[in-house]
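K.L.:
Provided herewith: start_38.txt, compact mmCIF, C-alpha atoms.
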```txt
# COMPACT_ATOMS: atom_id res chain seq x y z
CA MET A 1 -38.92 -4.23 12.12
CA LEU A 2 -35.16 -3.91 12.14
CA ARG A 3 -33.30 -5.47 15.03
CA ALA A 4 -30.33 -4.14 16.94
CA THR A 5 -28.37 -6.04 19.56
CA TYR A 6 -26.56 -4.05 22.25
CA LEU A 7 -24.22 -4.72 25.10
CA ILE A 8 -25.37 -2.51 27.98
CA GLU A 9 -23.76 -1.86 31.36
CA THR A 10 -25.61 -0.37 34.34
CA PRO A 11 -25.91 -0.60 38.13
CA LEU A 12 -29.70 -0.69 37.66
CA ASP A 13 -31.97 -3.47 36.43
CA PRO A 14 -30.82 -4.17 32.83
CA ALA A 15 -34.40 -4.91 31.76
CA ALA A 16 -35.53 -1.48 32.93
CA VAL A 17 -32.61 0.24 31.23
CA ALA A 18 -33.31 -1.65 28.01
CA GLU A 19 -36.86 -0.28 28.10
CA VAL A 20 -35.49 3.24 28.59
CA LEU A 21 -33.23 2.76 25.58
CA ALA A 22 -36.07 1.47 23.42
CA GLY A 23 -38.34 4.32 24.41
CA GLU A 24 -35.74 7.06 24.03
CA GLN A 25 -34.89 5.90 20.51
CA SER A 26 -38.47 5.62 19.31
CA SER A 27 -41.56 7.15 20.90
CA GLY A 28 -40.55 8.16 24.39
CA THR A 29 -39.02 10.87 26.51
CA PHE A 30 -38.82 11.27 30.28
CA VAL A 31 -42.46 12.42 30.49
CA ARG A 32 -45.53 11.78 28.34
CA VAL A 33 -46.10 14.62 25.89
CA ALA A 34 -49.22 16.19 24.36
CA GLY A 35 -50.96 14.00 21.79
CA GLU A 36 -49.09 10.86 22.89
CA SER A 37 -51.94 8.37 23.11
CA ASP A 38 -51.55 4.71 24.03
CA ALA A 39 -52.44 3.76 20.44
CA LEU A 40 -49.76 6.00 18.93
CA ARG A 41 -47.22 4.79 21.45
CA GLU A 42 -48.02 1.17 20.66
CA ARG A 43 -47.58 1.79 16.94
CA SER A 44 -44.28 3.64 17.06
CA ARG A 45 -42.49 2.31 20.12
CA ALA A 46 -39.44 0.06 19.82
CA ARG A 47 -39.72 -3.24 21.66
CA VAL A 48 -37.23 -5.11 23.78
CA GLU A 49 -37.29 -8.67 22.49
CA ARG A 50 -34.50 -10.40 24.36
CA ILE A 51 -32.32 -9.87 27.44
CA GLU A 52 -29.32 -12.04 28.30
CA GLU A 53 -27.64 -11.02 31.53
CA LEU A 54 -23.85 -11.44 31.67
CA ALA A 55 -21.29 -11.43 34.45
CA PRO A 56 -21.16 -8.10 36.34
CA LEU A 57 -18.14 -5.84 36.70
CA ALA A 58 -16.55 -4.51 39.88
CA ALA A 59 -15.98 -1.05 38.37
CA PRO A 60 -17.81 0.95 35.71
CA SER A 61 -16.37 1.17 32.20
CA LEU A 62 -17.53 4.79 31.84
CA SER A 63 -18.71 7.50 34.21
CA SER A 64 -22.27 8.81 34.51
CA GLN A 65 -22.97 12.08 36.28
CA TRP A 66 -26.66 11.10 36.46
CA LEU A 67 -25.83 8.01 38.51
CA GLU A 68 -23.24 9.80 40.63
CA GLN A 69 -25.67 12.59 41.56
CA GLN A 70 -28.08 9.98 42.87
CA GLY A 71 -25.39 8.09 44.75
CA ILE A 72 -25.97 4.89 42.80
CA GLY A 73 -22.99 2.54 42.80
CA GLY A 74 -22.14 -0.98 41.68
CA PRO A 75 -22.03 -3.77 41.06
CA TRP A 76 -22.28 -2.87 37.41
CA ARG A 77 -24.53 -5.33 35.67
CA ARG A 78 -24.10 -6.20 32.01
CA ALA A 79 -26.61 -7.60 29.56
CA ARG A 80 -26.93 -8.27 25.86
CA VAL A 81 -30.29 -6.96 24.68
CA THR A 82 -32.09 -7.09 21.34
CA VAL A 83 -34.41 -4.25 20.41
CA ALA A 84 -36.81 -4.21 17.44
CA PHE A 85 -37.38 -0.79 15.86
CA PRO A 86 -40.38 -0.04 13.60
CA THR A 87 -39.07 0.76 10.13
CA ALA A 88 -42.02 3.14 9.64
CA ASN A 89 -40.29 5.52 12.07
CA ILE A 90 -37.27 5.66 9.78
CA ALA A 91 -38.45 4.98 6.21
CA ASP A 92 -35.54 4.91 3.74
CA ASN A 93 -33.56 7.64 5.50
CA LEU A 94 -30.07 6.29 6.22
CA PRO A 95 -28.87 9.13 8.49
CA THR A 96 -32.03 8.71 10.57
CA LEU A 97 -31.49 4.96 10.71
CA ALA A 98 -28.03 5.65 12.17
CA ALA A 99 -29.45 8.22 14.61
CA THR A 100 -32.02 5.64 15.72
CA VAL A 101 -29.76 2.67 16.38
CA ALA A 102 -26.63 4.64 17.36
CA GLY A 103 -27.73 8.05 18.59
CA ASN A 104 -28.56 9.44 22.04
CA LEU A 105 -28.63 5.96 23.53
CA TYR A 106 -24.88 6.36 24.16
CA ASP A 107 -25.63 9.25 26.50
CA LEU A 108 -28.28 7.61 28.69
CA GLY A 109 -27.64 8.51 32.31
CA GLU A 110 -28.71 5.06 33.47
CA SER A 111 -25.82 3.40 31.66
CA THR A 112 -22.06 3.17 32.14
CA GLY A 113 -21.59 1.52 28.77
CA VAL A 114 -23.54 0.87 25.56
CA ARG A 115 -22.18 -0.86 22.47
CA LEU A 116 -24.06 -1.70 19.27
CA GLU A 117 -23.00 -5.22 18.34
CA LYS A 118 -25.28 -6.31 15.52
CA LEU A 119 -27.92 -5.08 13.09
CA SER A 120 -30.28 -7.17 10.99
CA LEU A 121 -32.75 -6.02 8.35
CA PRO A 122 -35.75 -7.64 6.66
CA ALA A 123 -35.27 -8.13 2.93
CA ASP A 124 -38.02 -5.71 1.92
CA TYR A 125 -36.47 -2.96 4.01
CA ARG A 126 -32.98 -3.62 2.67
CA ALA A 127 -34.43 -3.20 -0.85
CA ARG A 128 -35.25 0.47 -0.13
CA PHE A 129 -31.57 1.41 0.01
CA GLU A 130 -28.63 1.53 -2.36
CA ARG A 131 -26.86 -1.64 -3.39
CA PRO A 132 -23.23 -2.14 -4.40
CA ARG A 133 -23.12 -1.13 -8.07
CA HIS A 134 -20.07 -3.34 -8.65
CA GLY A 135 -19.07 -5.29 -5.54
CA VAL A 136 -16.98 -8.42 -6.03
CA ALA A 137 -18.03 -9.31 -9.57
CA GLY A 138 -17.82 -5.77 -10.93
CA THR A 139 -14.39 -5.18 -9.43
CA ARG A 140 -13.11 -8.38 -11.00
CA SER A 141 -14.56 -7.33 -14.34
CA ALA A 142 -12.98 -3.87 -14.19
CA SER A 143 -9.54 -5.25 -13.32
CA GLY A 144 -9.64 -8.34 -15.50
CA VAL A 145 -8.72 -10.56 -12.53
CA ALA A 146 -11.02 -13.55 -12.78
CA GLU A 147 -9.76 -15.48 -9.76
CA GLY A 148 -7.55 -15.04 -6.75
CA PRO A 149 -6.95 -11.79 -4.89
CA LEU A 150 -6.46 -8.43 -6.51
CA VAL A 151 -2.93 -7.40 -5.58
CA GLY A 152 -2.92 -3.74 -4.72
CA THR A 153 -0.74 -1.04 -3.27
CA ILE A 154 -0.96 2.46 -1.82
CA ILE A 155 0.77 5.52 -3.17
CA LYS A 156 1.80 8.22 -0.73
CA PRO A 157 1.64 11.56 -2.57
CA ASN A 158 1.95 13.39 0.75
CA VAL A 159 5.66 12.61 0.70
CA GLY A 160 5.71 15.55 -1.73
CA LEU A 161 5.25 13.95 -5.14
CA SER A 162 3.77 16.27 -7.74
CA ALA A 163 0.86 15.17 -9.90
CA GLU A 164 3.26 14.28 -12.71
CA GLN A 165 5.56 12.35 -10.37
CA THR A 166 2.56 10.47 -9.02
CA GLY A 167 1.57 9.59 -12.57
CA GLU A 168 5.07 8.31 -13.29
CA LEU A 169 4.97 6.15 -10.16
CA VAL A 170 1.62 4.72 -11.20
CA GLY A 171 3.11 3.94 -14.60
CA GLN A 172 5.92 2.01 -12.90
CA LEU A 173 3.42 0.12 -10.77
CA CYS A 174 1.38 -0.79 -13.85
CA GLU A 175 4.48 -2.24 -15.44
CA ALA A 176 5.20 -4.08 -12.19
CA GLY A 177 1.99 -6.07 -12.70
CA ILE A 178 -0.23 -4.46 -10.08
CA ASP A 179 -4.03 -4.91 -10.23
CA PHE A 180 -5.21 -2.09 -7.98
CA ILE A 181 -3.78 1.18 -6.68
CA LYS A 182 -5.30 3.52 -4.15
CA ASP A 183 -4.50 6.93 -2.78
CA ASP A 184 -3.62 7.29 0.86
CA GLU A 185 -6.50 8.49 3.02
CA VAL A 186 -4.65 11.64 4.10
CA CYS A 187 -3.98 12.73 0.53
CA ALA A 188 -7.00 14.10 -1.30
CA ASN A 189 -6.29 17.53 -2.76
CA PRO A 190 -2.87 18.75 -1.56
CA ALA A 191 -1.25 21.86 -2.96
CA HIS A 192 1.67 19.90 -4.38
CA ALA A 193 -0.59 17.42 -6.25
CA PRO A 194 -4.09 18.85 -6.82
CA ILE A 195 -6.70 16.16 -7.35
CA ALA A 196 -7.72 17.28 -10.86
CA ASP A 197 -4.10 17.37 -12.05
CA ARG A 198 -3.39 14.03 -10.34
CA ILE A 199 -6.37 12.31 -11.96
CA ARG A 200 -5.30 13.45 -15.42
CA ALA A 201 -1.64 12.58 -14.91
CA VAL A 202 -2.35 9.16 -13.45
CA MET A 203 -4.93 8.20 -16.04
CA ARG A 204 -2.53 9.05 -18.89
CA HIS A 205 -0.21 6.35 -17.60
CA VAL A 206 -3.07 3.92 -16.91
CA ARG A 207 -4.40 4.32 -20.45
CA ARG A 208 -0.91 3.99 -21.91
CA TRP A 209 -0.43 0.69 -20.07
CA ARG A 210 -3.87 -0.52 -21.11
CA ASP A 211 -3.10 0.22 -24.76
CA LYS A 212 0.24 -1.56 -24.48
CA SER A 213 -0.77 -4.61 -22.42
CA GLY A 214 -4.56 -4.86 -22.66
CA LYS A 215 -4.85 -4.65 -18.87
CA HIS A 216 -6.72 -1.85 -17.11
CA VAL A 217 -5.26 -1.17 -13.67
CA VAL A 218 -7.96 0.10 -11.30
CA VAL A 219 -7.01 3.27 -9.42
CA ALA A 220 -9.02 4.46 -6.41
CA PHE A 221 -8.63 8.24 -6.37
CA ASN A 222 -9.25 9.82 -2.98
CA ILE A 223 -12.01 12.33 -3.75
CA THR A 224 -12.85 13.03 -0.09
CA ASP A 225 -13.97 16.66 -0.09
CA GLU A 226 -16.94 18.99 0.24
CA HIS A 227 -20.05 17.37 -1.24
CA GLU A 228 -20.27 19.12 -4.61
CA ALA A 229 -16.51 18.92 -5.09
CA MET A 230 -16.65 15.14 -4.62
CA LEU A 231 -19.20 14.84 -7.39
CA ARG A 232 -17.07 16.98 -9.70
CA HIS A 233 -14.02 14.85 -8.99
CA ALA A 234 -16.03 11.69 -9.73
CA GLU A 235 -17.13 13.12 -13.08
CA LEU A 236 -13.53 13.85 -14.00
CA ILE A 237 -12.47 10.29 -13.14
CA GLN A 238 -15.17 8.93 -15.41
CA SER A 239 -14.33 11.31 -18.24
CA GLU A 240 -10.69 10.20 -18.03
CA GLY A 241 -11.70 6.53 -18.28
CA GLY A 242 -11.19 5.67 -14.61
CA HIS A 243 -13.13 3.08 -12.69
CA CYS A 244 -12.93 3.91 -8.99
CA ALA A 245 -13.26 6.64 -6.38
CA MET A 246 -12.24 6.40 -2.76
CA ALA A 247 -14.00 8.22 0.08
CA SER A 248 -13.15 8.54 3.75
CA LEU A 249 -16.57 7.38 4.88
CA ASN A 250 -16.69 8.76 8.41
CA TRP A 251 -15.79 12.28 7.30
CA CYS A 252 -17.91 12.46 4.13
CA GLY A 253 -21.08 11.17 5.76
CA PHE A 254 -23.89 8.92 4.60
CA SER A 255 -25.67 11.54 2.50
CA SER A 256 -22.64 12.44 0.40
CA VAL A 257 -21.74 8.81 -0.22
CA GLN A 258 -25.33 8.02 -1.18
CA ALA A 259 -25.33 10.94 -3.60
CA LEU A 260 -22.04 9.73 -5.06
CA ARG A 261 -23.55 6.30 -5.57
CA ARG A 262 -26.64 7.70 -7.28
CA ARG A 263 -24.78 10.19 -9.49
CA SER A 264 -21.80 8.04 -10.47
CA GLY A 265 -21.16 4.68 -12.06
CA LEU A 266 -17.76 4.38 -10.39
CA ILE A 267 -16.67 1.66 -8.01
CA ILE A 268 -16.78 3.21 -4.53
CA HIS A 269 -13.82 2.23 -2.38
CA GLY A 270 -14.93 2.81 1.21
CA HIS A 271 -12.11 3.77 3.57
CA ARG A 272 -13.05 3.47 7.22
CA ASN A 273 -10.27 5.62 8.77
CA GLY A 274 -11.49 6.78 12.16
CA PHE A 275 -13.39 3.54 12.81
CA GLY A 276 -11.25 2.93 15.89
CA MET A 277 -13.01 5.72 17.76
CA PHE A 278 -16.25 3.76 17.33
CA SER A 279 -14.85 0.35 18.10
CA ARG A 280 -11.78 0.20 20.34
CA HIS A 281 -13.51 0.52 23.72
CA PRO A 282 -15.33 -2.74 24.48
CA ALA A 283 -18.19 -0.95 26.26
CA LEU A 284 -18.79 1.89 23.82
CA GLY A 285 -19.51 2.55 20.16
CA MET A 286 -20.18 -0.26 17.74
CA GLY A 287 -18.67 -3.33 16.20
CA PHE A 288 -17.81 -3.68 12.53
CA GLN A 289 -20.92 -5.68 11.59
CA PRO A 290 -23.43 -2.83 12.12
CA TYR A 291 -20.91 -0.28 10.88
CA GLN A 292 -20.33 -2.00 7.54
CA LEU A 293 -24.04 -2.78 7.19
CA MET A 294 -24.99 0.89 7.29
CA TRP A 295 -22.27 1.88 4.84
CA ARG A 296 -23.33 -0.89 2.49
CA LEU A 297 -26.80 0.65 2.49
CA ALA A 298 -25.11 3.73 1.06
CA GLY A 299 -23.92 1.65 -1.89
CA VAL A 300 -20.18 1.16 -1.35
CA ASP A 301 -18.40 -1.62 -3.24
CA HIS A 302 -15.30 -2.10 -1.07
CA MET A 303 -14.75 -1.91 2.70
CA HIS A 304 -11.47 -1.81 4.58
CA VAL A 305 -11.07 -4.45 7.29
CA HIS A 306 -7.37 -3.85 8.19
CA GLY A 307 -4.91 -6.70 7.79
CA LEU A 308 -3.98 -9.95 9.48
CA GLN A 309 -0.80 -9.80 11.56
CA GLY A 310 -0.80 -6.11 10.68
CA LYS A 311 0.48 -2.94 12.29
CA PHE A 312 -2.69 -1.75 14.01
CA SER A 313 -4.27 -2.65 17.33
CA GLN A 314 -7.13 -4.74 16.00
CA ALA A 315 -7.05 -8.45 16.83
CA ASP A 316 -6.89 -10.88 13.92
CA ALA A 317 -10.22 -12.38 15.02
CA GLU A 318 -11.92 -9.03 14.40
CA VAL A 319 -10.30 -8.69 10.97
CA ILE A 320 -11.50 -12.17 10.05
CA GLU A 321 -15.03 -11.48 11.26
CA GLY A 322 -15.05 -8.20 9.35
CA ALA A 323 -14.04 -9.87 6.09
CA HIS A 324 -16.77 -12.46 6.51
CA ASP A 325 -19.30 -9.68 7.21
CA CYS A 326 -18.37 -7.95 3.94
CA LEU A 327 -18.87 -11.16 1.98
CA THR A 328 -22.23 -11.96 3.60
CA PRO A 329 -25.39 -10.69 1.84
CA LEU A 330 -27.27 -8.25 4.07
CA ALA A 331 -30.71 -9.83 3.92
CA ASP A 332 -31.09 -12.64 1.37
CA PRO A 333 -28.35 -15.30 1.75
CA ALA A 334 -28.79 -16.28 -1.90
CA ASP A 335 -28.20 -12.75 -3.20
CA LEU A 336 -24.47 -12.99 -3.95
CA ALA A 337 -24.54 -9.66 -5.78
CA ASP A 338 -25.21 -8.00 -2.43
CA ARG A 339 -21.65 -8.41 -1.18
CA VAL A 340 -18.72 -6.04 -1.00
CA MET A 341 -15.05 -6.79 -1.46
CA PRO A 342 -12.99 -6.63 1.76
CA ALA A 343 -9.72 -4.68 1.50
CA PHE A 344 -6.95 -6.14 3.65
CA SER A 345 -4.31 -3.52 4.41
CA SER A 346 -1.82 -2.32 7.04
CA GLY A 347 1.50 -4.11 7.31
CA GLN A 348 0.71 -6.63 4.59
CA TRP A 349 3.37 -8.48 2.60
CA ALA A 350 3.99 -11.94 1.15
CA GLY A 351 4.38 -13.40 4.64
CA THR A 352 0.80 -12.50 5.62
CA VAL A 353 -0.69 -14.23 2.57
CA PRO A 354 -1.14 -17.70 4.20
CA ALA A 355 -3.31 -16.35 7.00
CA THR A 356 -5.34 -14.36 4.48
CA VAL A 357 -5.92 -17.40 2.26
CA GLY A 358 -7.32 -19.21 5.26
CA VAL A 359 -9.86 -16.44 5.85
CA VAL A 360 -11.04 -15.98 2.25
CA PRO A 361 -10.10 -19.13 0.29
CA SER A 362 -12.02 -17.82 -2.74
CA GLY A 363 -9.61 -14.91 -3.06
CA ASP A 364 -12.49 -12.42 -3.24
CA LEU A 365 -10.45 -9.64 -1.65
CA LEU A 366 -8.11 -6.73 -2.19
CA PHE A 367 -4.65 -7.52 -0.80
CA MET A 368 -3.18 -4.07 -0.25
CA ALA A 369 0.56 -3.99 0.39
CA GLY A 370 2.29 -0.62 0.56
CA GLY A 371 5.77 -1.25 1.89
CA GLY A 372 5.36 -4.94 1.14
CA ILE A 373 5.56 -4.02 -2.57
CA LEU A 374 7.29 -0.66 -2.81
CA ALA A 375 10.02 -1.51 -0.27
CA HIS A 376 10.82 -4.98 -1.63
CA PRO A 377 14.61 -5.13 -2.15
CA GLY A 378 14.06 -6.15 -5.76
CA GLY A 379 11.71 -3.27 -6.49
CA PRO A 380 7.92 -3.04 -6.96
CA ALA A 381 7.72 -5.74 -9.65
CA ALA A 382 9.48 -8.18 -7.34
CA GLY A 383 7.17 -7.15 -4.51
CA VAL A 384 4.08 -7.91 -6.60
CA GLN A 385 5.58 -11.19 -7.76
CA SER A 386 6.44 -12.25 -4.19
CA ILE A 387 2.78 -11.90 -3.20
CA ARG A 388 1.59 -13.89 -6.21
CA GLN A 389 4.19 -16.56 -5.48
CA ALA A 390 3.04 -16.75 -1.85
CA TRP A 391 -0.60 -17.11 -2.92
CA ALA A 392 0.27 -19.84 -5.45
CA ALA A 393 2.30 -21.70 -2.83
CA VAL A 394 -0.49 -21.74 -0.29
CA ARG A 395 -3.05 -22.84 -2.86
CA ALA A 396 -0.70 -25.68 -3.84
CA GLY A 397 -0.32 -26.77 -0.21
CA GLU A 398 3.31 -25.67 -0.09
CA THR A 399 4.93 -23.71 2.73
CA LEU A 400 6.39 -20.33 1.89
CA GLU A 401 9.82 -21.54 2.90
CA ALA A 402 9.60 -24.48 0.50
CA ALA A 403 8.31 -22.27 -2.30
CA ALA A 404 11.09 -19.76 -1.69
CA ARG A 405 13.63 -22.34 -2.85
CA HIS A 406 12.40 -21.88 -6.41
CA ALA A 407 10.84 -18.39 -6.12
CA GLY A 408 13.51 -15.77 -5.71
CA GLU A 409 11.20 -12.80 -5.13
CA LEU A 410 9.43 -14.65 -2.33
CA ARG A 411 12.76 -15.70 -0.85
CA ASP A 412 13.96 -12.10 -0.79
CA ALA A 413 10.68 -10.94 0.78
CA LEU A 414 10.89 -13.53 3.54
CA HIS A 415 14.46 -12.55 4.28
CA PHE A 416 13.94 -8.78 4.16
CA PHE A 417 10.47 -8.29 5.68
CA GLY A 418 10.75 -11.27 8.03
CA ARG A 419 13.93 -9.82 9.48
CA LYS A 420 12.30 -6.39 9.79
CA LYS A 421 9.25 -7.84 11.52
CA HIS A 422 11.09 -10.05 13.97
CA GLY A 423 14.05 -7.82 14.58
```
Show this structure as structure tokens.
P.N.:
Amino acid sequence: MLRATYLIETPLDPAAVAEVLAGEQSSGTFVRVAGESDALRERSRARVERIEELAPLAAPSLSSQWLEQQGIGGPWRRARVTVAFPTANIADNLPTLAATVAGNLYDLGESTGVRLEKLSLPADYRARFERPRHGVAGTRSASGVAEGPLVGTIIKPNVGLSAEQTGELVGQLCEAGIDFIKDDEVCANPAHAPIADRIRAVMRHVRRWRDKSGKHVVVAFNITDEHEAMLRHAELIQSEGGHCAMASLNWCGFSSVQALRRRSGLIIHGHRNGFGMFSRHPALGMGFQPYQLMWRLAGVDHMHVHGLQGKFSQADAEVIEGAHDCLTPLADPADLADRVMPAFSSGQWAGTVPATVGVVPSGDLLFMAGGGILAHPGGPAAGVQSIRQAWAAVRAGETLEAAARHAGELRDALHFFGRKKHG
């Protein structure tokens, strides 16, 4: 059995609504159908295992025409319920798993709110699905960064850079000492920098830097596209000596990402853009724990968690919890290979390093700074160095202000970005 924990809201008895949810998502409908014996129902029905009633609300979070037509009003009761689903109903079909735990249950007329908060899987069931091919250890191996965070940045080809100009920028970033570079999520195959041309141009500079320095900078090319096109792009990355492909998970879908995992040896950088539509309303959608669990079953190696003290709406507590979810094995706590590397991004710079160190002291993370590197007043190399100086200071128990006295790049970052952030 796999277990899903939901927050449900309803003016009815939460226990009765939990039973409706369990039936709807397994063996039931609103009437008994032909061939539905008690024995079959017992075998395939999901079971409500736990109900914890919470404080009610004075007003509903969402509307329900079904309730309104019957004149049913509040108070609106809330409960946290755990439902066990038979894995035999699902087998090793990831899209069906998602449809089971996060499908029509959101549309139940009896509810004015449903949110999937947690998923847990037995180890034997987890073993049926894809695993991260690289994860933390493989990403470190590909980049040559044995300890501490991988310092990364984002290039924005949609400002109009051609493929050749993008390659030149990547070359500059390599020389600046970067570990990891990724495409922006809204730039995949634009007319001014087609993906095939961009891959070739970028990899020429990456190989040149590798031959000169011995370091291979990992580039996550955004190959988000129609299914077969994604696989072609992945093959080109591999033929050019690249290590990583990025996919906008929500728009590619489970099946395409699974196929990419099975057909490619690349690191898969999972970008979660669009996750806010699943998560921002507290009574609807799902939290990051079940979201990242399902994508990890597709075999991704990296997952975005946003950034601490960043530019988006997500609270730092959610970012922290998300990073810990990524670094937690899905079923067997001892299976450290079954972890993915969290990517911290959005408004990151040297000044956000201390908070990040506190969340992941091991440094098993991607620290993605776009403006925090490219907009540093001393240039990209100084931006990279300011982040490394901040990390070294925190690990040494030194404040950033104290370290800035002998670290000029960090001093300039604190002055420039700190002034920008605080006005």
K.L.:
Skip A:Glu117 itself and residues of its chain fewer than 5 positions away, then list as a ChimeraX atom specification all residues within 7 Å of it, counting all atoms listed in the file.
P.N.:
/A:5-7,286-287,290
K.L.:
At a cut-off of 12 Å, using all atoms listed in the file, what residues contact A:Gly285? Leave out same-chain residues fewer than 3 positions from it and give the result as an MDAnalysis selection string.
P.N.:
chainID A and resid 6:8 101:107 113:118 275:282 288:291
K.L.:
Rounded to one decimal place, report the atom CA of A:Ser362-atom CA of A:Ile268 distance in Å.
P.N.:
21.6 Å
K.L.:
Find the residues around stretch 315-328 of chain A up to 6 Å (only C-alpha atoms counted), leave out those fewer than 5 positions away in its own chain, and share them as a ChimeraX atom specification.
P.N.:
/A:305,308,339-340,342
K.L.:
Select, from A:Val384, A:Ala18, A:Ala298, A:Val357, the residue with the minimum atom-to-atom distance to A:Leu108, counting all atoms listed in the file.
P.N.:
A:Ala18
K.L.:
State, in Å with one decimal place, the distance from atom CA of A:Ile155 to atom CA of A:Ile181.
P.N.:
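Atom-to-atom, atom CA of A:Ile155 and atom CA of A:Ile181 are spaced 7.2 Å apart.
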K.L.:
Neighbouring residues of A:Gln65 were defined as those with any atom within 12 Å, considering only C-alpha atoms; residues of the same chain fewer than 6 positions away were excluded. Please report them as a tab-separated table (two decimals) with C-alpha atoms, in the frame of the given file.
P.N.:
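Saved result, around.tsv, follows:
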```
chain	number	residue	atom	x	y	z
A	71	GLY	CA	-25.39	8.09	44.75
A	72	ILE	CA	-25.97	4.89	42.80
A	73	GLY	CA	-22.99	2.54	42.80
A	107	ASP	CA	-25.63	9.25	26.50
A	108	LEU	CA	-28.28	7.61	28.69
A	109	GLY	CA	-27.64	8.51	32.31
A	110	GLU	CA	-28.71	5.06	33.47
A	111	SER	CA	-25.82	3.40	31.66
A	112	THR	CA	-22.06	3.17	32.14
```
K.L.:
Fewer than 5 positions away in the same chain doesn't count, so skip those; otherwise give me all residues within 10 Å of A:Glu164, counting all atoms listed in the file, as an MDAnalysis selection string.
P.N.:
chainID A and resid 169:170 193 197:202 204:205
K.L.:
What separation in Å, quoted to one decimal, exists between atom CA of A:Ala98 and atom CA of A:Leu365?
P.N.:
27.1 Å
K.L.:
Return the single residue from A:Ala79, A:Ala369, A:Leu260, A:Ala176 that is closest to A:Pro56, with distances computed using only C-alpha atoms.
P.N.:
A:Ala79
K.L.:
Can you work out which one of A:Thr82, A:Leu2, A:Val159, A:Arg45 has the shortest atom-to-atom distance to A:Ala15, counting only C-alpha atoms?
P.N.:
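Selected residue with least distance to A:Ala15: A:Thr82.
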K.L.:
Where's the centre, and what are the edge lengths in Å to one decimal, of a box along x, y and z enclosing all listed atoms of stretch 382-395 of chain A padded 3 Å per side, as JSON?
P.N.:
```
{"center_x": 3.2, "center_y": -15.0, "center_z": -4.0, "size_x": 18.5, "size_y": 21.7, "size_z": 13.5}
```
K.L.:
Which residue, A:Gly307, A:Pro194, A:Gly371, A:Gly74, has the smallest gap to A:Gly160 when you use only C-alpha atoms?
P.N.:
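So, comparing all the options, the nearest one is A:Pro194.
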K.L.:
Can you work out which one of A:Met368, A:Ala46, A:Ala337, A:Met230 has the shortest atom-to-atom distance to A:Asp179, counting only C-alpha atoms?
P.N.:
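Between A:Met368, A:Ala46, A:Ala337, A:Met230, the residue approaching A:Asp179 most closely is A:Met368.
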K.L.:
With distances taken over all atoms listed in the file, which of A:Ala402, A:Ile373, A:Cys244, A:Leu67 is nearest to A:Val151?
P.N.:
A:Ile373
